[in-house]
>>> print(open('data.cif').read())   # mmCIF, C-alpha atoms
data_input
#
loop_
_atom_site.label_atom_id
_atom_site.label_comp_id
_atom_site.auth_asym_id
_atom_site.auth_seq_id
_atom_site.Cartn_x
_atom_site.Cartn_y
_atom_site.Cartn_z
CA MET A 1 -19.59 -21.68 21.88
CA ALA A 2 -17.26 -18.82 20.99
CA LYS A 3 -13.85 -19.85 19.66
CA SER A 4 -10.64 -18.83 21.38
CA ARG A 5 -8.19 -16.48 19.73
CA GLU A 6 -5.83 -19.37 19.00
CA GLU A 7 -8.62 -21.42 17.44
CA LEU A 8 -9.57 -18.48 15.25
CA LEU A 9 -5.98 -17.97 14.14
CA ASN A 10 -5.63 -21.64 13.27
CA LEU A 11 -8.75 -21.45 11.12
CA LEU A 12 -7.92 -18.16 9.42
CA ASN A 13 -4.21 -18.81 8.88
CA ALA A 14 -4.95 -22.14 7.20
CA GLU A 15 -4.70 -22.68 3.44
CA ASN A 16 -8.51 -22.52 3.24
CA GLY A 17 -8.63 -19.51 5.55
CA LEU A 18 -10.80 -17.45 3.23
CA GLU A 19 -13.52 -20.11 3.19
CA ASN A 20 -13.25 -20.42 6.95
CA LEU A 21 -13.69 -16.66 7.23
CA LYS A 22 -16.92 -16.79 5.26
CA MET A 23 -18.26 -19.51 7.55
CA LEU A 24 -17.22 -17.61 10.66
CA LEU A 25 -18.92 -14.44 9.47
CA LYS A 26 -22.16 -16.40 9.15
CA SER A 27 -21.91 -18.19 12.50
CA GLU A 28 -20.20 -15.81 14.94
CA PRO A 29 -21.72 -12.40 15.67
CA LEU A 30 -19.27 -9.52 15.46
CA PRO A 31 -19.53 -6.09 17.11
CA PRO A 32 -21.14 -3.21 15.24
CA VAL A 33 -18.94 -1.39 12.75
CA GLY A 34 -17.70 1.94 14.06
CA ARG A 35 -15.68 4.72 12.51
CA ASP A 36 -12.21 3.35 13.28
CA VAL A 37 -9.74 2.72 10.47
CA ASN A 38 -6.22 1.31 10.19
CA ASN A 39 -4.02 1.61 7.10
CA HIS A 40 -0.91 -0.20 8.36
CA ILE A 41 -1.57 -3.86 9.16
CA HIS A 42 1.28 -6.31 8.59
CA THR A 43 0.58 -9.93 7.69
CA THR A 44 2.46 -13.19 7.40
CA TYR A 45 3.84 -11.90 4.09
CA SER A 46 6.23 -9.81 6.18
CA PHE A 47 5.98 -10.49 9.92
CA SER A 48 2.76 -10.87 11.89
CA PRO A 49 0.61 -13.46 13.64
CA TYR A 50 -2.07 -12.73 11.03
CA SER A 51 -2.51 -14.01 7.50
CA PRO A 52 -4.21 -11.46 5.22
CA THR A 53 -7.53 -13.19 5.96
CA ALA A 54 -6.91 -13.24 9.72
CA ALA A 55 -5.87 -9.57 9.64
CA VAL A 56 -9.20 -8.64 8.09
CA TYR A 57 -11.17 -10.76 10.55
CA PHE A 58 -9.49 -9.32 13.63
CA ALA A 59 -9.79 -5.79 12.26
CA ARG A 60 -13.51 -6.36 11.73
CA ALA A 61 -13.83 -8.00 15.17
CA ALA A 62 -12.33 -4.82 16.65
CA GLY A 63 -15.12 -2.82 15.01
CA LEU A 64 -13.06 -1.23 12.24
CA CYS A 65 -14.87 -0.12 9.13
CA THR A 66 -11.76 -0.21 6.93
CA CYS A 67 -8.45 -2.06 7.01
CA GLY A 68 -5.16 -1.53 5.22
CA LEU A 69 -2.51 -4.03 4.10
CA MET A 70 1.10 -2.91 4.64
CA ASP A 71 3.86 -5.52 4.37
CA HIS A 72 7.62 -5.01 4.14
CA ASP A 73 9.07 -5.34 0.62
CA SER A 74 6.01 -7.34 -0.44
CA ILE A 75 2.43 -6.89 -1.53
CA ALA A 76 1.88 -10.58 -2.26
CA GLY A 77 -1.01 -10.78 0.21
CA ALA A 78 -3.09 -8.17 -1.63
CA GLU A 79 -5.45 -10.46 -3.54
CA GLU A 80 -6.32 -12.49 -0.43
CA PHE A 81 -6.65 -9.34 1.69
CA LEU A 82 -9.05 -7.68 -0.75
CA ALA A 83 -11.12 -10.85 -1.07
CA ALA A 84 -11.35 -11.18 2.72
CA ALA A 85 -12.35 -7.52 3.08
CA LYS A 86 -15.07 -8.00 0.46
CA ALA A 87 -16.40 -11.02 2.36
CA ALA A 88 -16.39 -9.02 5.61
CA HIS A 89 -18.05 -6.00 3.92
CA MET A 90 -15.16 -3.74 4.87
CA GLY A 91 -13.43 -0.96 3.02
CA ALA A 92 -9.83 -1.92 2.24
CA THR A 93 -6.66 -0.34 0.98
CA ILE A 94 -3.40 -2.02 -0.04
CA GLY A 95 0.19 -0.84 0.04
CA MET A 96 3.79 -1.82 0.64
CA GLU A 97 6.38 -0.62 3.14
CA CYS A 98 9.93 -0.42 1.89
CA ARG A 99 13.28 1.17 2.61
CA ALA A 100 15.01 3.82 0.55
CA SER A 101 18.57 5.07 0.49
CA PHE A 102 19.09 8.77 1.16
CA ALA A 103 22.70 8.58 -0.06
CA GLY A 104 23.60 11.73 -1.95
CA THR A 105 21.03 13.82 -0.08
CA PRO A 106 21.68 16.36 2.71
CA PHE A 107 20.41 13.72 5.16
CA ALA A 108 22.70 10.85 4.13
CA ASP A 109 24.49 10.79 7.49
CA LYS A 110 21.42 11.45 9.65
CA LYS A 111 19.37 8.99 11.66
CA LEU A 112 15.97 9.52 10.08
CA ASN A 113 13.18 7.03 10.88
CA ASN A 114 15.26 3.85 10.94
CA PRO A 115 16.35 2.75 14.45
CA ASP A 116 19.12 0.54 13.06
CA GLN A 117 20.85 2.56 10.36
CA LYS A 118 21.59 6.12 9.29
CA GLY A 119 20.70 7.34 5.81
CA ILE A 120 18.07 4.63 5.21
CA VAL A 121 14.40 5.55 5.54
CA TYR A 122 11.21 3.60 5.84
CA MET A 123 8.59 4.77 3.38
CA THR A 124 5.23 3.47 2.23
CA LEU A 125 3.55 3.10 -1.13
CA HIS A 126 -0.12 3.55 -0.30
CA GLY A 127 -3.15 3.10 -2.50
CA VAL A 128 -1.58 0.69 -5.01
CA PRO A 129 -4.06 0.10 -7.87
CA HIS A 130 -5.27 -3.46 -7.62
CA ASN A 131 -4.21 -4.40 -11.14
CA ARG A 132 -0.61 -3.31 -10.46
CA ALA A 133 0.01 -5.17 -7.19
CA GLY A 134 1.32 -8.35 -8.83
CA GLU A 135 3.67 -6.34 -11.02
CA LEU A 136 4.98 -4.39 -8.03
CA ASN A 137 5.62 -7.58 -6.09
CA ALA A 138 7.50 -9.13 -9.01
CA LEU A 139 9.64 -6.01 -9.36
CA TYR A 140 10.59 -6.31 -5.70
CA ALA A 141 11.66 -9.98 -5.92
CA PRO A 142 15.35 -9.10 -6.54
CA TYR A 143 15.38 -6.86 -3.46
CA ARG A 144 13.93 -9.67 -1.33
CA GLU A 145 16.68 -11.98 -2.63
CA LYS A 146 19.36 -9.41 -1.83
CA ARG A 147 17.90 -9.00 1.64
CA ASN A 148 18.29 -12.72 2.24
CA VAL A 149 22.01 -12.50 1.49
CA ARG A 150 22.28 -10.06 4.40
CA ASN A 151 19.86 -12.13 6.50
CA ARG A 152 22.16 -15.16 6.19
CA ALA A 153 25.14 -13.03 7.23
CA MET A 154 23.19 -11.80 10.27
CA VAL A 155 22.35 -15.39 11.22
CA ASP A 156 26.10 -16.08 11.20
CA ALA A 157 26.59 -13.03 13.43
CA ILE A 158 23.88 -14.27 15.82
CA ASN A 159 25.56 -17.66 16.06
CA GLY A 160 28.96 -16.08 16.61
CA MET A 161 27.51 -14.12 19.52
CA MET A 162 25.21 -16.76 21.05
CA GLY A 163 26.98 -20.02 20.21
CA LYS A 164 28.99 -20.01 23.43
CA TYR A 165 25.68 -20.26 25.31
CA GLY A 166 24.59 -23.27 23.25
CA VAL A 167 22.13 -21.12 21.28
CA SER A 168 22.30 -21.18 17.49
CA ILE A 169 19.87 -20.94 14.57
CA ASP A 170 19.91 -22.02 10.93
CA PHE A 171 18.50 -19.76 8.24
CA ASP A 172 16.92 -22.51 6.11
CA ARG A 173 15.70 -24.64 9.01
CA ASP A 174 14.64 -22.02 11.56
CA VAL A 175 14.07 -18.70 9.78
CA LEU A 176 12.60 -19.38 6.34
CA PRO A 177 9.74 -21.58 7.67
CA LEU A 178 8.56 -18.62 9.77
CA SER A 179 8.02 -16.61 6.57
CA ASN A 180 5.97 -16.64 3.37
CA PHE A 181 9.07 -16.08 1.26
CA ALA A 182 8.19 -18.96 -1.08
CA LYS A 183 4.89 -17.21 -1.85
CA GLY A 184 6.39 -13.79 -2.52
CA GLY A 185 6.73 -12.55 1.03
CA SER A 186 9.79 -11.05 2.68
CA VAL A 187 12.16 -12.16 5.43
CA THR A 188 12.90 -9.39 7.92
CA GLU A 189 14.94 -8.84 11.06
CA ARG A 190 11.83 -9.84 13.00
CA HIS A 191 11.98 -13.32 11.48
CA LEU A 192 15.59 -13.65 12.63
CA SER A 193 14.67 -12.32 16.06
CA SER A 194 11.71 -14.69 16.24
CA ALA A 195 13.88 -17.71 15.40
CA LEU A 196 16.34 -16.61 18.07
CA ALA A 197 13.52 -16.11 20.59
CA TYR A 198 12.19 -19.62 19.98
CA ARG A 199 15.67 -21.08 20.41
CA LEU A 200 16.31 -19.12 23.62
CA LEU A 201 13.05 -20.40 25.08
CA GLU A 202 14.02 -23.94 24.09
CA VAL A 203 17.59 -23.84 25.39
CA VAL A 204 17.41 -21.40 28.31
CA GLY A 205 13.78 -21.81 29.35
CA LYS A 206 11.13 -19.39 30.58
CA GLY A 207 10.52 -17.26 33.62
CA ASP A 208 13.35 -16.61 36.05
CA ARG A 209 15.76 -18.74 34.00
CA LEU A 210 15.27 -16.51 30.97
CA VAL A 211 15.35 -13.23 32.90
CA GLY A 212 18.41 -14.41 34.82
CA PHE A 213 20.16 -15.30 31.56
CA ILE A 214 19.48 -11.82 30.14
CA LYS A 215 20.69 -10.05 33.28
CA ASN A 216 23.55 -12.25 34.42
CA GLU A 217 24.92 -13.86 31.25
CA LEU A 218 24.17 -11.31 28.52
CA ARG A 219 24.32 -8.42 31.04
CA LEU A 220 21.80 -6.38 29.09
CA PRO A 221 19.02 -4.13 30.42
CA ILE A 222 15.39 -5.20 30.53
CA SER A 223 12.46 -2.95 31.43
CA GLY A 224 10.19 -3.79 34.34
CA LYS A 225 7.26 -4.25 31.97
CA VAL A 226 9.06 -6.73 29.73
CA GLU A 227 10.56 -8.53 32.72
CA SER A 228 7.08 -9.08 34.16
CA TYR A 229 5.93 -10.51 30.82
CA LEU A 230 8.88 -12.90 30.62
CA MET A 231 8.54 -13.99 34.25
CA ASP A 232 4.99 -15.19 33.57
CA GLU A 233 5.55 -18.74 32.31
CA ALA A 234 1.89 -18.99 31.26
CA ASN A 235 2.19 -15.87 29.07
CA PRO A 236 0.70 -16.79 25.65
CA HIS A 237 2.67 -13.97 23.98
CA MET A 238 6.04 -15.00 25.43
CA MET A 239 7.81 -15.32 22.07
CA TYR A 240 6.57 -11.92 20.87
CA ASP A 241 7.58 -10.23 24.13
CA LEU A 242 11.04 -11.77 23.92
CA LEU A 243 11.26 -10.78 20.26
CA GLY A 244 10.45 -7.19 21.23
CA TRP A 245 13.26 -7.24 23.75
CA ILE A 246 15.66 -8.64 21.13
CA LYS A 247 14.67 -5.86 18.70
CA SER A 248 15.19 -3.26 21.39
CA GLN A 249 18.38 -4.44 23.09
CA LEU A 250 20.15 -7.16 21.11
CA ILE A 251 19.71 -6.50 17.40
CA SER A 252 22.39 -3.80 17.32
CA ARG A 253 24.92 -6.52 18.17
CA PHE A 254 24.20 -8.58 15.06
CA TYR A 255 22.72 -6.02 12.65
CA ILE A 256 24.51 -5.57 9.32
CA ASP A 257 23.82 -2.42 7.33
CA ALA A 258 21.43 -2.78 4.40
CA THR A 259 22.85 -1.60 1.07
CA ASP A 260 21.91 -3.23 -2.25
CA GLU A 261 18.41 -4.15 -1.06
CA CYS A 262 17.48 -0.46 -0.56
CA PRO A 263 16.83 1.42 -3.81
CA ASP A 264 17.73 5.09 -4.13
CA VAL A 265 14.86 7.25 -2.90
CA LYS A 266 14.45 8.94 -6.29
CA GLU A 267 14.18 5.54 -7.98
CA LEU A 268 11.49 4.49 -5.52
CA LEU A 269 9.56 7.69 -6.00
CA ARG A 270 9.60 7.14 -9.78
CA LEU A 271 8.37 3.57 -9.24
CA SER A 272 5.55 4.80 -7.01
CA GLU A 273 4.42 7.32 -9.62
CA ASP A 274 4.59 4.70 -12.37
CA MET A 275 2.46 2.32 -10.28
CA GLY A 276 -0.11 5.02 -9.59
CA ALA A 277 0.58 4.65 -5.85
CA ILE A 278 0.88 7.39 -3.22
CA SER A 279 4.37 7.67 -1.74
CA ALA A 280 4.63 8.60 1.93
CA TYR A 281 7.49 9.32 4.29
CA ALA A 282 6.85 7.44 7.56
CA TYR A 283 7.37 9.86 10.45
CA LEU A 284 8.76 8.26 13.59
CA GLY A 285 9.82 11.19 15.74
CA ASP A 286 11.94 11.08 18.86
CA VAL A 287 11.00 8.05 20.98
CA GLY A 288 10.50 8.04 24.74
CA ASP A 289 8.63 4.99 26.03
CA SER A 290 8.15 2.83 22.93
CA VAL A 291 4.49 2.04 22.22
CA THR A 292 5.36 -1.26 20.54
CA GLY A 293 8.00 -2.17 23.12
CA ASP A 294 10.72 -2.82 20.52
CA LYS A 295 12.42 0.58 20.24
CA ARG A 296 14.89 2.13 22.62
CA ALA A 297 14.45 5.71 23.76
CA GLN A 298 16.38 7.65 21.12
CA LYS A 299 16.27 10.66 18.85
CA PHE A 300 15.19 10.63 15.22
CA GLU A 301 13.98 13.43 12.92
CA ASP A 302 12.72 16.08 15.30
CA ASP A 303 15.90 18.20 15.49
CA PHE A 304 15.78 18.86 11.73
CA LEU A 305 12.13 18.16 10.91
CA ASP A 306 11.43 21.50 9.20
CA GLU A 307 14.26 20.97 6.73
CA LEU A 308 13.39 17.30 6.21
CA VAL A 309 9.71 17.85 5.42
CA ALA A 310 10.60 20.63 2.97
CA TYR A 311 13.11 18.31 1.32
CA VAL A 312 10.85 15.26 0.97
CA SER A 313 8.16 17.48 -0.52
CA LYS A 314 10.67 18.83 -3.04
CA LEU A 315 11.84 15.28 -3.84
CA GLY A 316 8.30 14.34 -4.87
CA TYR A 317 6.80 12.52 -1.91
CA ARG A 318 3.03 12.83 -1.99
CA ALA A 319 2.30 12.24 1.70
CA ILE A 320 3.51 11.73 5.24
CA THR A 321 2.16 8.85 7.31
CA TYR A 322 2.18 8.86 11.11
CA MET A 323 0.66 7.10 14.13
CA PRO A 324 -1.27 9.36 16.53
CA SER A 325 -0.69 7.00 19.47
CA ARG A 326 3.08 6.95 19.05
CA ASN A 327 3.87 10.64 19.40
CA THR A 328 3.12 13.54 21.70
CA ARG A 329 0.49 16.10 20.78
CA GLN A 330 3.26 18.69 20.40
CA GLN A 331 5.13 16.48 17.93
CA LEU A 332 2.00 15.83 15.88
CA ARG A 333 0.87 19.44 15.74
CA ARG A 334 4.27 20.49 14.46
CA LEU A 335 4.27 17.72 11.85
CA ARG A 336 0.73 18.44 10.70
CA ALA A 337 1.49 22.15 10.30
CA LEU A 338 4.48 21.26 8.12
CA CYS A 339 2.31 18.94 6.00
CA GLU A 340 -0.14 21.78 5.42
CA LYS A 341 2.67 24.21 4.60
CA HIS A 342 4.21 21.91 2.00
CA GLY A 343 1.00 20.44 0.54
CA LEU A 344 1.55 16.88 1.76
CA PHE A 345 -1.34 14.43 2.14
CA GLN A 346 -1.64 13.06 5.70
CA ILE A 347 -2.18 9.32 6.22
CA SER A 348 -2.44 7.36 9.46
CA GLY A 349 -1.94 3.75 10.44
CA GLU A 350 -1.17 1.76 13.56
CA ASP A 351 1.72 -0.60 12.91
CA ILE A 352 0.22 -4.03 13.68
CA ASN A 353 2.71 -6.92 13.79
CA GLN A 354 2.28 -8.60 17.19
CA PRO A 355 -0.67 -9.84 19.25
CA ARG A 356 -0.55 -7.30 22.08
CA GLN A 357 -1.29 -4.43 19.71
CA SER A 358 -4.83 -3.14 19.36
CA PHE A 359 -6.24 -2.69 15.87
CA VAL A 360 -8.00 0.42 17.18
CA CYS A 361 -6.09 3.67 17.60
CA GLU A 362 -7.82 5.36 20.54
CA ALA A 363 -5.74 8.52 20.04
CA GLN A 364 -7.12 8.96 16.53
CA ARG A 365 -10.65 9.29 17.89
CA ASP A 366 -9.78 12.82 19.01
CA PRO A 367 -11.70 15.29 16.77
CA GLU A 368 -8.36 16.95 16.00
CA PHE A 369 -7.55 13.96 13.77
CA ALA A 370 -10.83 13.89 11.83
CA ASN A 371 -8.90 14.44 8.59
CA LEU A 372 -7.28 11.02 8.96
CA TYR A 373 -10.65 9.28 8.57
CA GLU A 374 -11.27 11.28 5.41
CA ALA A 375 -7.80 10.35 4.19
CA THR A 376 -8.55 6.64 4.52
CA TRP A 377 -11.72 6.82 2.46
CA ALA A 378 -9.89 8.98 -0.06
CA LEU A 379 -7.21 6.27 -0.33
CA ILE A 380 -9.88 3.65 -0.99
CA ALA A 381 -11.50 5.78 -3.69
CA HIS A 382 -8.08 6.47 -5.21
CA GLU A 383 -7.34 2.75 -5.50
CA TRP A 384 -10.59 1.86 -7.20
CA ARG A 385 -10.53 4.88 -9.52
CA ALA A 386 -6.85 4.38 -10.46
CA THR A 387 -7.49 0.67 -11.04
CA LYS A 388 -10.21 1.55 -13.54
CA ASP A 389 -8.36 4.50 -15.08
CA PRO A 390 -4.90 5.72 -13.98
CA ALA A 391 -5.90 9.24 -14.99
CA ASP A 392 -8.48 9.33 -12.18
CA GLY A 393 -6.15 8.84 -9.20
CA LEU A 394 -5.87 11.28 -6.32
CA PHE A 395 -2.72 12.92 -7.71
CA SER A 396 -3.41 12.57 -11.43
CA ALA A 397 -3.30 15.68 -13.61
CA ARG A 398 -7.02 15.33 -14.30
CA SER A 399 -7.92 15.18 -10.62
CA ILE A 400 -5.62 18.07 -9.75
CA GLU A 401 -7.19 20.18 -12.49
CA LYS A 402 -10.68 19.39 -11.19
CA TRP A 403 -9.78 19.92 -7.50
CA PRO A 404 -6.63 22.11 -7.36
CA ASP A 405 -6.73 22.39 -3.56
CA LEU A 406 -5.45 19.19 -1.93
CA ASN A 407 -7.84 19.37 1.03
CA ALA A 408 -10.83 19.84 -1.28
CA ARG A 409 -9.65 16.94 -3.44
CA VAL A 410 -9.26 14.66 -0.41
CA LYS A 411 -12.77 15.56 0.76
CA ALA A 412 -14.20 14.84 -2.68
CA PHE A 413 -12.42 11.48 -2.89
CA ALA A 414 -13.42 10.62 0.67
CA SER A 415 -17.06 11.23 -0.21
CA LEU A 416 -16.73 8.93 -3.22
CA GLY A 417 -15.00 6.29 -1.09
CA GLU A 418 -17.62 6.24 1.67
CA SER A 419 -20.47 6.14 -0.83
CA GLY A 420 -18.84 3.43 -2.92
CA GLU A 421 -19.28 5.55 -6.04
CA PHE A 422 -15.82 5.18 -7.48
#
>>> encode(input="data.cif", output="structure tokens")
Amino acid sequence: MAKSREELLNLLNAENGLENLKMLLKSEPLPPVGRDVNNHIHTTYSFSPYSPTAAVYFARAAGLCTCGLMDHDSIAGAEEFLAAAKAAHMGATIGMECRASFAGTPFADKKLNNPDQKGIVYMTLHGVPHNRAGELNALYAPYREKRNVRNRAMVDAINGMMGKYGVSIDFDRDVLPLSNFAKGGSVTERHLSSALAYRLLEVVGKGDRLVGFIKNELRLPISGKVESYLMDEANPHMMYDLLGWIKSQLISRFYIDATDECPDVKELLRLSEDMGAISAYAYLGDVGDSVTGDKRAQKFEDDFLDELVAYVSKLGYRAITYMPSRNTRQQLRRLRALCEKHGLFQISGEDINQPRQSFVCEAQRDPEFANLYEATWALIAHEWRATKDPADGLFSARSIEKWPDLNARVKAFASLGESGEF
């Protein structure tokens, strides 16, 4: 008898999850592998319902042929993720998402791709060589500690705002246990929002009590879609739906600007090069109806995108990463043309961190995005080659000399990745 999603998560998120995965792969038939890829899957080492092992299983169950680890300020799940991908006979790539300060740049006072703060950008370090992941995670430990100083201050702000309603949380009791911080993971705003969501459900209740509290006590807006989710008391994703609403409508009331935990962008780019990783600016673009349900409609980089892409290329970024399902075709065509103009590698990935999200990006199946499949296999080849010899990475001097044209180099690496001839 097929196991439920919750039963599968319990097995795969357990301490012996990797062994459970191997047993599941023998006993439960999975769909055929297709062409779909995803390079941006979060795990419990940042915020997600999925351990690294569970992330691989559910990616494989969705028919993906490759999967990509991408946690915030942490790459501690890399060893488990790669082992799970090997067991599932999937291609895999590992990376880390982090934030960089654009202080001292022409964009210091601009809202870039961060919904909460000007002058701070989200960026990714893709294709981290496997033998450098532990070192990278250790180097980021001080930033995770600094982030927790701010996290504790934001918990105080939450309690100052919500205490009058009998709703309060404790960082050590309610937030830390939701994370893998003790194992090298990070604690993010989503952990704080999750702890608050659990407490709201406990104190206020579900359904019309919760919706009434939001409308009549907090006097904050709620979309029809989210309201319908919260009104359904049998909704298995209730906490995640409430968390999404908190991220969208409430976080601005307790958010404290990040400072010391965000390295200067030039420092991060040097670190990426030293690690043999591929640095990428994460394009968000102006948001209308948020795909993930946790972002308000607001403007980001589009008004000054030409200048920004030229600048990040000059700074030394190697790539731009984007999500085909999140933006309009007009936005993506403009972005892709700028990548071509400035010689930037294009990487895709659907940001997976809650259970309603599909591991499959339907929009990417459009033939117009065929290059993004090649890019994924090129990333995989880069990782294995750079792990064996740093001089053989996608952006190494040796590789550039052999394949001066970026598109030709990506095609060559993609061919090596798909064939497994690293």
>>> resolve_selection(input="data.cif", expression="the PyMOL selection byres ((chain A and resi 17) around 10)", output="short mmCIF file (atom, residue, chain, number, x, y, z; two decimals) with C-alpha atoms, keeping the file's coordinate frame")
data_model
loop_
_atom_site.label_atom_id
_atom_site.label_comp_id
_atom_site.auth_asym_id
_atom_site.auth_seq_id
_atom_site.Cartn_x
_atom_site.Cartn_y
_atom_site.Cartn_z
CA LEU A 8 -9.57 -18.48 15.25
CA LEU A 9 -5.98 -17.97 14.14
CA ASN A 10 -5.63 -21.64 13.27
CA LEU A 11 -8.75 -21.45 11.12
CA LEU A 12 -7.92 -18.16 9.42
CA ASN A 13 -4.21 -18.81 8.88
CA ALA A 14 -4.95 -22.14 7.20
CA GLU A 15 -4.70 -22.68 3.44
CA ASN A 16 -8.51 -22.52 3.24
CA LEU A 18 -10.80 -17.45 3.23
CA GLU A 19 -13.52 -20.11 3.19
CA ASN A 20 -13.25 -20.42 6.95
CA LEU A 21 -13.69 -16.66 7.23
CA LYS A 22 -16.92 -16.79 5.26
CA MET A 23 -18.26 -19.51 7.55
CA SER A 51 -2.51 -14.01 7.50
CA PRO A 52 -4.21 -11.46 5.22
CA THR A 53 -7.53 -13.19 5.96
CA ALA A 54 -6.91 -13.24 9.72
CA GLU A 80 -6.32 -12.49 -0.43
CA ALA A 84 -11.35 -11.18 2.72
#
>>> residues_around(input="data.cif", residues="Ala414 in chain A", least_positions_apart="4", cutoff="10 Å", atoms="only C-alpha atoms", output="PDB file with C-alpha atoms, in the frame of the given file")
ATOM      1  CA  ASN A 371      -8.900  14.440   8.590  1.00  0.00           C
ATOM      2  CA  TYR A 373     -10.650   9.280   8.570  1.00  0.00           C
ATOM      3  CA  GLU A 374     -11.270  11.280   5.410  1.00  0.00           C
ATOM      4  CA  ALA A 375      -7.800  10.350   4.190  1.00  0.00           C
ATOM      5  CA  THR A 376      -8.550   6.640   4.520  1.00  0.00           C
ATOM      6  CA  TRP A 377     -11.720   6.820   2.460  1.00  0.00           C
ATOM      7  CA  ALA A 378      -9.890   8.980  -0.060  1.00  0.00           C
ATOM      8  CA  LEU A 379      -7.210   6.270  -0.330  1.00  0.00           C
ATOM      9  CA  ILE A 380      -9.880   3.650  -0.990  1.00  0.00           C
ATOM     10  CA  ALA A 381     -11.500   5.780  -3.690  1.00  0.00           C
ATOM     11  CA  HIS A 382      -8.080   6.470  -5.210  1.00  0.00           C
ATOM     12  CA  ALA A 408     -10.830  19.840  -1.280  1.00  0.00           C
ATOM     13  CA  ARG A 409      -9.650  16.940  -3.440  1.00  0.00           C
ATOM     14  CA  VAL A 410      -9.260  14.660  -0.410  1.00  0.00           C
ATOM     15  CA  GLU A 418     -17.620   6.240   1.670  1.00  0.00           C
ATOM     16  CA  SER A 419     -20.470   6.140  -0.830  1.00  0.00           C
ATOM     17  CA  GLY A 420     -18.840   3.430  -2.920  1.00  0.00           C
TER      18      GLY A 420
END
>>> resolve_selection(input="data.cif", expression="the PyMOL selection byres ((chain A and resi 198) around 12)", output="PyMOL selection string")
chain A and resi 167-169+174-175+178+191-197+199-206+210+237-243+246
>>> residues_around(input="data.cif", residues="Tyr140 in chain A", least_positions_apart="4", cutoff="9 Å", atoms="all atoms listed in the file", output="PDB file with C-alpha atoms, in the coordinates of the input")
ATOM      1  CA  ASP A  73       9.070  -5.340   0.620  1.00  0.00           C
ATOM      2  CA  SER A  74       6.010  -7.340  -0.440  1.00  0.00           C
ATOM      3  CA  GLU A 135       3.670  -6.340 -11.020  1.00  0.00           C
ATOM      4  CA  LEU A 136       4.980  -4.390  -8.030  1.00  0.00           C
ATOM      5  CA  ARG A 144      13.930  -9.670  -1.330  1.00  0.00           C
ATOM      6  CA  GLU A 145      16.680 -11.980  -2.630  1.00  0.00           C
TER       7      GLU A 145
END
>>> residues_near_point(input="data.cif", point="(7.6, 14.0, 14.6)", cutoff="7 Å", atoms="only C-alpha atoms", output="ChimeraX atom specification")
/A:283-286,301-302,327,331-332,335
>>> write_last_selection(input="data.cif", atoms="C-alpha atoms", output="PDB file, in the frame of the given file")
ATOM      1  CA  TYR A 283       7.370   9.860  10.450  1.00  0.00           C
ATOM      2  CA  LEU A 284       8.760   8.260  13.590  1.00  0.00           C
ATOM      3  CA  GLY A 285       9.820  11.190  15.740  1.00  0.00           C
ATOM      4  CA  ASP A 286      11.940  11.080  18.860  1.00  0.00           C
ATOM      5  CA  GLU A 301      13.980  13.430  12.920  1.00  0.00           C
ATOM      6  CA  ASP A 302      12.720  16.080  15.300  1.00  0.00           C
ATOM      7  CA  ASN A 327       3.870  10.640  19.400  1.00  0.00           C
ATOM      8  CA  GLN A 331       5.130  16.480  17.930  1.00  0.00           C
ATOM      9  CA  LEU A 332       2.000  15.830  15.880  1.00  0.00           C
ATOM     10  CA  LEU A 335       4.270  17.720  11.850  1.00  0.00           C
TER      11      LEU A 335
END
>>> closest_residue(input="data.cif", among="A:Pro142, A:Phe359, A:Arg270, A:Pro236", to="Ala62 in chain A", atoms="all atoms listed in the file")
A:Phe359
